[in-house]
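See below for target-v1.cif, which holds mmCIF, C-alpha atoms.
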```cif
data_my_file
loop_
_atom_site.label_atom_id
_atom_site.label_comp_id
_atom_site.auth_asym_id
_atom_site.auth_seq_id
_atom_site.Cartn_x
_atom_site.Cartn_y
_atom_site.Cartn_z
CA MET A 48 7.37 22.42 107.45
CA LYS A 49 9.37 20.68 104.73
CA PRO A 50 7.99 21.01 101.19
CA VAL A 51 6.19 17.94 99.87
CA VAL A 52 5.10 19.04 96.38
CA ASP A 53 6.88 20.01 93.13
CA LEU A 54 10.09 18.44 94.39
CA ARG A 55 11.13 17.45 90.87
CA ILE A 56 9.62 20.39 88.97
CA GLU A 57 12.24 22.73 87.53
CA SER A 58 9.90 25.39 86.17
CA PHE A 59 6.38 26.34 85.11
CA GLN A 60 5.84 28.15 81.81
CA PRO A 61 2.50 29.97 81.64
CA LEU A 62 0.52 29.44 78.44
CA PRO A 63 -1.99 31.80 76.87
CA SER A 64 -5.54 30.68 77.46
CA PRO A 65 -7.07 28.83 74.51
CA ALA A 66 -9.55 31.66 74.07
CA ALA A 67 -6.76 34.26 73.92
CA LEU A 68 -4.82 32.34 71.26
CA LEU A 69 -7.96 31.68 69.21
CA GLU A 70 -8.66 35.41 69.26
CA GLU A 71 -5.06 36.23 68.34
CA VAL A 72 -5.01 33.75 65.43
CA PRO A 73 -8.68 33.48 64.41
CA ARG A 74 -10.26 31.33 61.73
CA THR A 75 -11.74 33.29 58.84
CA PRO A 76 -15.21 32.58 57.45
CA ASP A 77 -13.64 30.92 54.39
CA GLN A 78 -11.46 28.71 56.58
CA ALA A 79 -14.47 27.75 58.68
CA THR A 80 -16.30 26.74 55.51
CA VAL A 81 -13.46 24.38 54.54
CA ILE A 82 -13.52 22.85 58.04
CA GLN A 83 -17.28 22.37 58.07
CA GLN A 84 -17.36 20.90 54.56
CA GLY A 85 -14.42 18.61 55.31
CA ARG A 86 -16.10 17.26 58.43
CA ARG A 87 -19.38 16.73 56.58
CA ASP A 88 -17.65 14.90 53.75
CA ILE A 89 -15.74 12.63 56.13
CA HIS A 90 -18.92 11.93 58.11
CA ARG A 91 -20.64 10.82 54.92
CA ILE A 92 -17.72 8.61 53.94
CA ILE A 93 -17.61 6.94 57.37
CA HIS A 94 -21.33 6.17 57.21
CA GLY A 95 -21.25 4.89 53.65
CA GLU A 96 -23.11 7.84 52.15
CA ASP A 97 -20.16 8.99 50.00
CA PRO A 98 -18.28 6.31 48.01
CA ARG A 99 -15.06 8.31 47.75
CA LEU A 100 -11.87 7.10 49.44
CA LEU A 101 -10.78 9.30 52.33
CA THR A 102 -7.04 9.71 51.82
CA VAL A 103 -5.06 11.24 54.68
CA VAL A 104 -1.66 12.01 53.22
CA GLY A 105 1.31 14.17 54.12
CA PRO A 106 4.49 14.44 56.17
CA CYS A 107 5.04 12.26 59.21
CA SER A 108 5.47 15.55 61.07
CA ILE A 109 5.68 19.25 60.29
CA HIS A 110 9.10 20.55 61.31
CA ASP A 111 9.84 23.09 58.56
CA LEU A 112 6.99 25.48 57.85
CA LYS A 113 8.31 26.46 54.43
CA GLY A 114 8.58 22.86 53.29
CA GLY A 115 5.21 22.05 54.78
CA ARG A 116 3.63 24.94 52.88
CA GLU A 117 5.18 23.79 49.60
CA TYR A 118 3.84 20.29 50.19
CA ALA A 119 0.36 21.67 50.94
CA GLU A 120 0.38 23.68 47.72
CA ARG A 121 1.26 20.60 45.67
CA LEU A 122 -1.38 18.50 47.43
CA ALA A 123 -4.05 21.16 46.94
CA GLY A 124 -3.40 21.14 43.21
CA LEU A 125 -3.68 17.36 43.07
CA ALA A 126 -6.79 17.29 45.27
CA GLY A 127 -8.77 19.19 42.67
CA ASP A 128 -7.88 16.67 39.96
CA LEU A 129 -8.91 13.67 42.05
CA SER A 130 -11.83 15.02 44.09
CA ASP A 131 -14.54 13.05 42.31
CA ARG A 132 -13.21 9.73 43.70
CA LEU A 133 -10.71 10.66 46.44
CA LEU A 134 -11.07 13.10 49.32
CA LEU A 135 -7.52 14.24 50.00
CA VAL A 136 -6.88 15.45 53.55
CA MET A 137 -3.45 16.70 54.58
CA ARG A 138 -1.58 15.21 57.51
CA VAL A 139 -0.63 18.23 59.62
CA TYR A 140 1.01 16.48 62.56
CA PHE A 141 2.42 18.67 65.33
CA GLU A 142 2.73 16.20 68.21
CA LYS A 143 4.91 13.08 68.09
CA PRO A 144 4.54 10.27 70.62
CA ARG A 145 7.85 8.80 71.76
CA THR A 146 8.58 5.29 72.98
CA THR A 147 11.53 6.67 74.99
CA THR A 148 12.93 10.06 73.96
CA GLY A 149 13.18 12.21 70.85
CA TRP A 150 11.75 15.33 69.22
CA LYS A 151 8.16 15.71 70.42
CA GLY A 152 6.87 17.81 67.56
CA LEU A 153 6.41 21.43 66.52
CA ILE A 154 4.04 22.36 69.33
CA MET A 155 6.42 21.16 72.03
CA ASP A 156 9.71 22.21 70.43
CA PRO A 157 9.16 24.61 67.50
CA GLU A 158 12.78 25.79 67.46
CA LEU A 159 14.10 22.20 67.28
CA ASN A 160 16.60 22.95 70.05
CA GLU A 161 14.94 21.53 73.20
CA ALA A 162 14.04 25.03 74.37
CA TYR A 163 10.39 23.88 74.49
CA ASN A 164 8.87 27.24 73.58
CA ILE A 165 5.34 25.83 73.69
CA PRO A 166 3.50 29.16 73.39
CA LYS A 167 5.38 29.75 70.12
CA GLY A 168 4.63 26.19 69.01
CA LEU A 169 0.90 26.55 69.60
CA ARG A 170 0.85 29.86 67.73
CA GLN A 171 2.78 28.44 64.78
CA ALA A 172 0.49 25.42 64.66
CA ARG A 173 -2.61 27.62 64.40
CA GLU A 174 -0.99 29.83 61.79
CA PHE A 175 0.10 26.88 59.67
CA LEU A 176 -3.31 25.21 59.87
CA GLY A 177 -4.81 28.45 58.61
CA GLN A 178 -2.45 28.44 55.63
CA VAL A 179 -3.47 24.89 54.71
CA LEU A 180 -7.15 25.74 55.04
CA ASP A 181 -6.64 28.82 52.83
CA LEU A 182 -5.65 26.39 50.07
CA GLY A 183 -9.01 24.64 50.43
CA LEU A 184 -7.43 21.52 51.93
CA PRO A 185 -9.07 19.67 54.80
CA THR A 186 -6.72 19.06 57.74
CA ALA A 187 -5.85 16.05 59.91
CA THR A 188 -3.62 15.48 62.92
CA GLU A 189 -2.97 13.11 65.80
CA LEU A 190 -3.97 14.56 69.16
CA LEU A 191 -1.57 13.54 71.89
CA ASP A 192 -1.83 15.94 74.82
CA PRO A 193 -5.43 16.25 76.08
CA ILE A 194 -5.07 20.03 76.41
CA THR A 195 -3.99 20.57 72.79
CA PRO A 196 -7.50 20.32 71.26
CA GLN A 197 -8.55 23.49 73.05
CA TYR A 198 -5.95 25.33 70.96
CA ILE A 199 -6.33 23.74 67.51
CA ALA A 200 -9.49 21.59 67.33
CA ASP A 201 -11.40 24.39 65.61
CA SER A 202 -8.97 24.01 62.70
CA LEU A 203 -9.23 20.24 62.18
CA CYS A 204 -11.43 18.15 59.91
CA TRP A 205 -10.22 14.73 61.17
CA ALA A 206 -8.13 13.54 64.10
CA ALA A 207 -6.36 10.35 65.14
CA ILE A 208 -5.74 8.65 68.45
CA GLY A 209 -2.43 6.84 68.14
CA ALA A 210 -1.32 3.28 68.79
CA ARG A 211 0.43 4.24 72.03
CA THR A 212 -2.54 6.12 73.48
CA VAL A 213 -5.53 4.12 72.21
CA GLU A 214 -5.72 2.22 75.49
CA SER A 215 -5.62 5.42 77.53
CA GLN A 216 -8.90 6.28 79.24
CA THR A 217 -7.98 9.95 78.99
CA HIS A 218 -7.72 9.80 75.20
CA ARG A 219 -10.86 7.74 74.76
CA GLN A 220 -12.78 10.32 76.79
CA MET A 221 -11.19 13.15 74.84
CA ALA A 222 -12.22 11.51 71.56
CA SER A 223 -15.82 11.32 72.77
CA GLY A 224 -15.98 15.10 72.89
CA LEU A 225 -14.11 16.06 69.74
CA SER A 226 -16.11 17.97 67.13
CA MET A 227 -14.56 16.17 64.16
CA PRO A 228 -14.46 12.51 63.03
CA VAL A 229 -11.78 10.45 64.78
CA GLY A 230 -9.73 7.44 63.73
CA LEU A 231 -8.39 5.15 66.46
CA LYS A 232 -5.34 3.03 65.69
CA ASN A 233 -4.77 -0.57 66.65
CA SER A 234 -2.24 -1.04 69.45
CA THR A 235 1.49 -1.31 68.80
CA SER A 236 1.28 -5.11 68.97
CA GLY A 237 -0.98 -5.10 65.93
CA GLU A 238 -4.13 -6.49 67.60
CA PHE A 239 -7.23 -4.38 67.23
CA GLN A 240 -9.65 -5.41 69.96
CA THR A 241 -8.16 -2.62 72.07
CA ALA A 242 -8.97 -0.06 69.40
CA VAL A 243 -12.52 -1.37 69.00
CA ASN A 244 -12.98 -1.04 72.76
CA ALA A 245 -11.70 2.53 72.47
CA ILE A 246 -14.20 3.25 69.69
CA VAL A 247 -17.03 2.00 71.89
CA ALA A 248 -15.86 4.24 74.73
CA ALA A 249 -15.43 7.25 72.41
CA SER A 250 -18.97 6.83 71.08
CA ARG A 251 -20.49 7.08 74.58
CA ARG A 252 -21.23 9.96 76.91
CA GLN A 253 -18.24 10.66 79.16
CA THR A 254 -17.35 12.94 82.04
CA PHE A 255 -13.73 13.75 82.80
CA LEU A 256 -11.34 16.45 83.96
CA GLY A 257 -10.37 19.10 81.42
CA VAL A 258 -9.97 22.81 80.84
CA THR A 259 -12.33 25.44 79.48
CA SER A 260 -11.46 27.87 76.70
CA ALA A 261 -10.57 30.32 79.45
CA GLY A 262 -8.01 27.85 80.78
CA GLN A 263 -9.97 26.99 83.92
CA ALA A 264 -10.00 23.43 85.24
CA ALA A 265 -13.44 21.89 84.77
CA ALA A 266 -15.47 18.71 84.75
CA VAL A 267 -16.21 18.10 81.06
CA THR A 268 -19.26 16.08 79.97
CA THR A 269 -19.55 14.95 76.36
CA SER A 270 -22.35 13.51 74.23
CA GLY A 271 -20.15 10.90 72.51
CA ASN A 272 -18.62 10.89 69.04
CA PRO A 273 -20.65 9.03 66.38
CA ASP A 274 -18.00 9.49 63.65
CA THR A 275 -15.26 6.96 64.40
CA GLN A 276 -12.98 4.77 62.31
CA LEU A 277 -10.73 1.83 63.09
CA ILE A 278 -7.22 2.38 61.74
CA LEU A 279 -5.25 -0.76 60.92
CA ARG A 280 -1.56 0.19 61.04
CA GLY A 281 0.15 -3.16 61.62
CA GLY A 282 2.40 -3.71 64.58
CA ALA A 283 4.98 -5.90 66.28
CA ASN A 284 3.23 -9.00 64.94
CA GLY A 285 3.46 -7.79 61.34
CA PRO A 286 1.05 -6.15 58.90
CA ASN A 287 -2.73 -6.38 59.28
CA PHE A 288 -4.05 -4.92 56.02
CA ASP A 289 -4.77 -8.24 54.27
CA ALA A 290 -8.34 -9.27 53.46
CA LYS A 291 -8.54 -11.86 56.24
CA LYS A 292 -7.54 -9.42 58.98
CA VAL A 293 -9.77 -6.69 57.55
CA ALA A 294 -12.70 -9.12 57.67
CA LYS A 295 -11.93 -9.88 61.33
CA ALA A 296 -11.85 -6.17 62.10
CA VAL A 297 -15.16 -5.62 60.33
CA ASN A 298 -16.72 -8.44 62.36
CA LEU A 299 -15.53 -6.87 65.62
CA LEU A 300 -16.95 -3.49 64.63
CA GLU A 301 -20.29 -5.03 63.66
CA THR A 302 -20.47 -7.00 66.90
CA SER A 303 -19.70 -3.85 68.91
CA GLN A 304 -22.43 -1.91 67.06
CA VAL A 305 -20.20 0.99 66.08
CA PRO A 306 -19.60 2.43 62.60
CA VAL A 307 -18.11 -0.20 60.31
CA SER A 308 -15.46 2.05 58.84
CA VAL A 309 -11.87 0.94 58.33
CA MET A 310 -8.82 3.00 57.42
CA ILE A 311 -5.65 1.26 56.29
CA ASP A 312 -2.45 3.00 57.32
CA CYS A 313 -0.03 2.14 54.50
CA SER A 314 2.94 3.08 56.68
CA HIS A 315 4.20 1.92 60.10
CA GLY A 316 3.82 -1.81 60.71
CA ASN A 317 1.99 -2.37 57.44
CA SER A 318 5.04 -1.30 55.45
CA ALA A 319 7.61 -2.64 57.93
CA LYS A 320 8.58 1.04 58.28
CA ASP A 321 9.88 1.06 54.70
CA PRO A 322 8.22 4.07 53.03
CA GLN A 323 8.80 2.63 49.56
CA ARG A 324 6.44 -0.25 50.38
CA GLN A 325 3.48 2.06 50.91
CA PRO A 326 2.33 1.98 47.26
CA SER A 327 2.29 -1.84 47.39
CA VAL A 328 0.11 -1.77 50.51
CA LEU A 329 -2.20 0.73 48.81
CA GLU A 330 -2.39 -1.50 45.73
CA ASP A 331 -3.47 -4.47 47.86
CA VAL A 332 -6.11 -2.37 49.61
CA LEU A 333 -7.46 -1.10 46.30
CA GLY A 334 -7.65 -4.71 45.14
CA GLN A 335 -9.86 -5.51 48.13
CA ILE A 336 -12.10 -2.57 47.25
CA GLN A 337 -12.32 -3.73 43.65
CA ALA A 338 -13.22 -7.19 44.94
CA GLY A 339 -16.25 -5.69 46.65
CA ASN A 340 -15.10 -4.59 50.12
CA ARG A 341 -17.41 -1.77 51.24
CA ALA A 342 -15.97 -1.27 54.75
CA ILE A 343 -12.60 0.14 53.73
CA HIS A 344 -13.38 3.83 53.58
CA ALA A 345 -9.95 5.37 54.00
CA VAL A 346 -6.18 5.08 53.68
CA MET A 347 -3.24 6.95 55.16
CA ILE A 348 0.12 7.61 53.53
CA GLU A 349 3.21 9.24 55.02
CA SER A 350 4.63 11.43 52.28
CA ASN A 351 6.96 14.39 51.91
CA LEU A 352 8.66 16.44 49.23
CA LYS A 353 11.59 14.01 49.27
CA GLY A 354 11.70 10.39 50.29
CA GLY A 355 13.15 8.75 53.39
CA SER A 356 14.19 10.48 56.60
CA GLN A 357 17.24 12.16 58.06
CA THR A 358 19.02 11.89 61.37
CA PHE A 359 17.89 14.29 64.06
CA PRO A 360 19.02 15.93 66.35
CA ALA A 361 21.45 17.63 64.01
CA PRO A 362 22.60 21.21 63.36
CA LEU A 363 19.65 22.95 61.73
CA GLU A 364 21.80 24.25 58.90
CA ASN A 365 22.63 20.65 57.99
CA LEU A 366 19.01 19.52 57.61
CA GLU A 367 17.98 18.66 54.07
CA TYR A 368 14.94 20.55 52.82
CA GLY A 369 11.81 18.47 52.32
CA VAL A 370 13.06 15.38 54.17
CA SER A 371 11.35 14.04 57.31
CA ILE A 372 13.13 14.18 60.68
CA THR A 373 10.79 11.55 62.12
CA ASP A 374 9.43 8.52 60.20
CA GLY A 375 10.58 7.90 56.66
CA CYS A 376 8.20 9.20 53.99
CA LEU A 377 7.36 8.48 50.38
CA ASP A 378 8.66 11.10 47.95
CA TRP A 379 6.22 13.44 46.19
CA GLU A 380 6.57 11.97 42.71
CA SER A 381 5.82 8.44 43.96
CA THR A 382 2.95 9.79 46.06
CA GLU A 383 1.32 11.51 43.12
CA LYS A 384 1.69 8.39 40.97
CA ALA A 385 0.12 6.20 43.68
CA LEU A 386 -2.79 8.58 44.23
CA ARG A 387 -3.55 8.85 40.53
CA GLN A 388 -3.57 5.05 40.31
CA ALA A 389 -5.91 4.97 43.32
CA HIS A 390 -8.20 7.40 41.53
CA GLU A 391 -8.38 5.03 38.56
CA ALA A 392 -9.00 2.00 40.77
CA MET A 393 -11.82 3.73 42.68
CA ALA A 394 -13.91 3.90 39.52
CA ILE A 395 -15.35 0.56 40.66
CA ARG A 396 -17.42 2.36 43.31
CA PHE A 397 -18.98 4.82 40.88
#
```

Write out the structure in this file as C-alpha cells.
Amino acid sequence: MKPVVDLRIESFQPLPSPAALLEEVPRTPDQATVIQQGRRDIHRIIHGEDPRLLTVVGPCSIHDLKGGREYAERLAGLAGDLSDRLLLVMRVYFEKPRTTTGWKGLIMDPELNEAYNIPKGLRQAREFLGQVLDLGLPTATELLDPITPQYIADSLCWAAIGARTVESQTHRQMASGLSMPVGLKNSTSGEFQTAVNAIVAASRRQTFLGVTSAGQAAAVTTSGNPDTQLILRGGANGPNFDAKKVAKAVNLLETSQVPVSVMIDCSHGNSAKDPQRQPSVLEDVLGQIQAGNRAIHAVMIESNLKGGSQTFPAPLENLEYGVSITDGCLDWESTEKALRQAHEAMAIRF
C-alpha cells in the first residue's frame, strides 16, 4: 500500500521529556522564592491591591546569552532603587512569532544558523532563566508553542499571549492553565475586542489536548486563570494608548466581568516601531495615571544594551554586541532615564 502520512516530513528530532529537562536543570529553593514572590506581587497589582507599576522591560529577544546576562545585571541593580513604586520584570523572550519567515528565537534556533537544535535551545533557555532569577529579578516571556510551557513555565513570573496568537483557541486554552499571570495583546489590527474575548476564555475552565511532564499526550483540564491583563500594543490602525482608547478598553473589560487591568506596550504599533518614541508613550501613560487612571497597572518597554537593531541573518562574527537582531530597542541609558522618571511620576499613587 502506498504511504499516506508524513509525505512532507523530512525528519523527526526527539526531545527530552519536560520532566527530564527540569531534573537536569532544576530550580533552586532561592529561585523558586523569586518566582513565587514575583507572581504574588503581579497578582496584587492586577487586582489593585498593590499600587506599584508593573514594568516589563528588556530585549525584544535573547540571542546572545552574554549580552542578555549583562542586561539582567544592570536591570537588577536598577530594580532595587525603584522597587517602592515600580516592579521591574525582565523580558526574557525566547520565541519569536513570524508573519512570514525569519529567526524564530533562541529555543528554536540557539546557534543562529538554521540548524534548529531545539534540545539545546530548551536547555539554554532554562539555564538563562535561572541566571536571571539568581539576580532576584522576576521573569517574563511570550509563550508561542503550546508545548514550551512544560519546559520553562516553572521559571516564569508573567507570560504574554501575542497579537498573532490571541485569536487562537489553542493559546486561549493554554493561558487558562498557566500558573502565572498572563497578559493578552490586542490583535495586529489594533482592535481589542478579540483580546477581551481571549481573556474571558482564559479565565474559564478548559479541556484540550496537551502533553504531560513525562511527554505523554493527554487531555488537559484547567481551572481557569484569574490573573489576566489586556495589553494595548497598537496596530495597523495606529496607536491605542491614548486616554480615549484606554477608557474604551476599560469599559469592555468591565462589561465582560474580567479583571480591569491594562498594560500599555510602549513599543510596536504604539511607537510606530520607532524605539526612540517609547519614552514619549510612557510619558503619556504616566500622565493618565497622574490624572487619576487606576486601571493602567503595567507598561512594557523593549530595551537593550544599545539602541536600534541590526540586520540578521548575518555572519555571527559581524553581529554587534548588545544590539537586537529582531525589533529595534531603546538603549540602556535612555531606558534608565525613562524608568527613573516613571518612578518619580508614580509618587501620585502613594

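CA of Tyr163 in chain A sits 11.6 Å away from CA of Phe59 in chain A.
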
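If all atoms listed in the file are the atoms counted, then among A:Gly355, A:Thr254, A:Cys313, A:Ala210 the closest residue to Ala266 in chain A is A:Thr254.
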
Problem - Hits of the PyMOL selection byres ((chain A and resi 77) around 12) in this structure, as JSON, numbers by chain - result: {"A": [73, 74, 75, 76, 78, 79, 80, 81, 82, 83, 84, 177, 178, 179, 180, 181, 182, 183, 184, 202]}

Assuming the chain letters and numbering stay as they are in my file, what does the PyMOL selection byres ((chain A and resi 125) around 12) actually select? List them as a PDB file with C-alpha atoms, in the coordinates of the input.
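And here is the file that came out, expr-v8.pdb:
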```pdb
ATOM      1  CA  VAL A 104      -1.660  12.010  53.220  1.00  0.00           C
ATOM      2  CA  TYR A 118       3.840  20.290  50.190  1.00  0.00           C
ATOM      3  CA  ALA A 119       0.360  21.670  50.940  1.00  0.00           C
ATOM      4  CA  GLU A 120       0.380  23.680  47.720  1.00  0.00           C
ATOM      5  CA  ARG A 121       1.260  20.600  45.670  1.00  0.00           C
ATOM      6  CA  LEU A 122      -1.380  18.500  47.430  1.00  0.00           C
ATOM      7  CA  ALA A 123      -4.050  21.160  46.940  1.00  0.00           C
ATOM      8  CA  GLY A 124      -3.400  21.140  43.210  1.00  0.00           C
ATOM      9  CA  ALA A 126      -6.790  17.290  45.270  1.00  0.00           C
ATOM     10  CA  GLY A 127      -8.770  19.190  42.670  1.00  0.00           C
ATOM     11  CA  ASP A 128      -7.880  16.670  39.960  1.00  0.00           C
ATOM     12  CA  LEU A 129      -8.910  13.670  42.050  1.00  0.00           C
ATOM     13  CA  SER A 130     -11.830  15.020  44.090  1.00  0.00           C
ATOM     14  CA  ASP A 131     -14.540  13.050  42.310  1.00  0.00           C
ATOM     15  CA  LEU A 133     -10.710  10.660  46.440  1.00  0.00           C
ATOM     16  CA  LEU A 134     -11.070  13.100  49.320  1.00  0.00           C
ATOM     17  CA  LEU A 135      -7.520  14.240  50.000  1.00  0.00           C
ATOM     18  CA  VAL A 136      -6.880  15.450  53.550  1.00  0.00           C
ATOM     19  CA  MET A 137      -3.450  16.700  54.580  1.00  0.00           C
ATOM     20  CA  LEU A 182      -5.650  26.390  50.070  1.00  0.00           C
ATOM     21  CA  GLY A 183      -9.010  24.640  50.430  1.00  0.00           C
ATOM     22  CA  LEU A 184      -7.430  21.520  51.930  1.00  0.00           C
ATOM     23  CA  TRP A 379       6.220  13.440  46.190  1.00  0.00           C
ATOM     24  CA  GLU A 380       6.570  11.970  42.710  1.00  0.00           C
ATOM     25  CA  THR A 382       2.950   9.790  46.060  1.00  0.00           C
ATOM     26  CA  GLU A 383       1.320  11.510  43.120  1.00  0.00           C
ATOM     27  CA  LYS A 384       1.690   8.390  40.970  1.00  0.00           C
ATOM     28  CA  ALA A 385       0.120   6.200  43.680  1.00  0.00           C
ATOM     29  CA  LEU A 386      -2.790   8.580  44.230  1.00  0.00           C
ATOM     30  CA  ARG A 387      -3.550   8.850  40.530  1.00  0.00           C
ATOM     31  CA  HIS A 390      -8.200   7.400  41.530  1.00  0.00           C
TER      32      HIS A 390
END
```

Exercise for the section: Please evaluate the PyMOL selection byres ((chain A and resi 305) around 10) against the displayed coordinates and give the resulting residues as JSON, numbers by chain. Expected result: {"A": [243, 246, 247, 250, 273, 274, 275, 276, 277, 299, 300, 301, 302, 303, 304, 306, 307, 308]}

Fill in the blank from the handout: Of A:Val328, A:Ser64, A:Ile348, A:Asn272, the one sitting nearest Thr259 in chain A when using only C-alpha atoms is A:Ser64

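Counting all atoms listed in the file, the residue from A:Ile92, A:Ala261, A:Thr146, A:Glu189 that sits nearest to Leu62 in chain A is A:Ala261.
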
Problem - Residue neighbourhood Ser314 in chain A, 9 Å, only C-alpha atoms, exclusion window fewer than 2 positions, as a list in words - result: Arg280, Gly281, Ile311, Asp312, Gly316, Asn317, Ser318, Ala319, Lys320, Asp321, Pro322, Arg324, Gln325, Val328, Met347, Ile348, Glu349 and Cys376 of chain A

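Between CA of Lys353 in chain A and CA of Glu158 in chain A the separation is 21.7 Å.
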
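Nearest-residue note for Glu70 in chain A: choosing from A:Lys113, A:Asn164, A:Gly285, A:Arg173, the minimum distance belongs to A:Arg173, counting only C-alpha atoms.
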
Problem - Among listed residues A:Glu391, A:Asp156, A:Glu238, A:Glu117, nearest Lys292 in chain A (using only C-alpha atoms) - result: A:Glu238
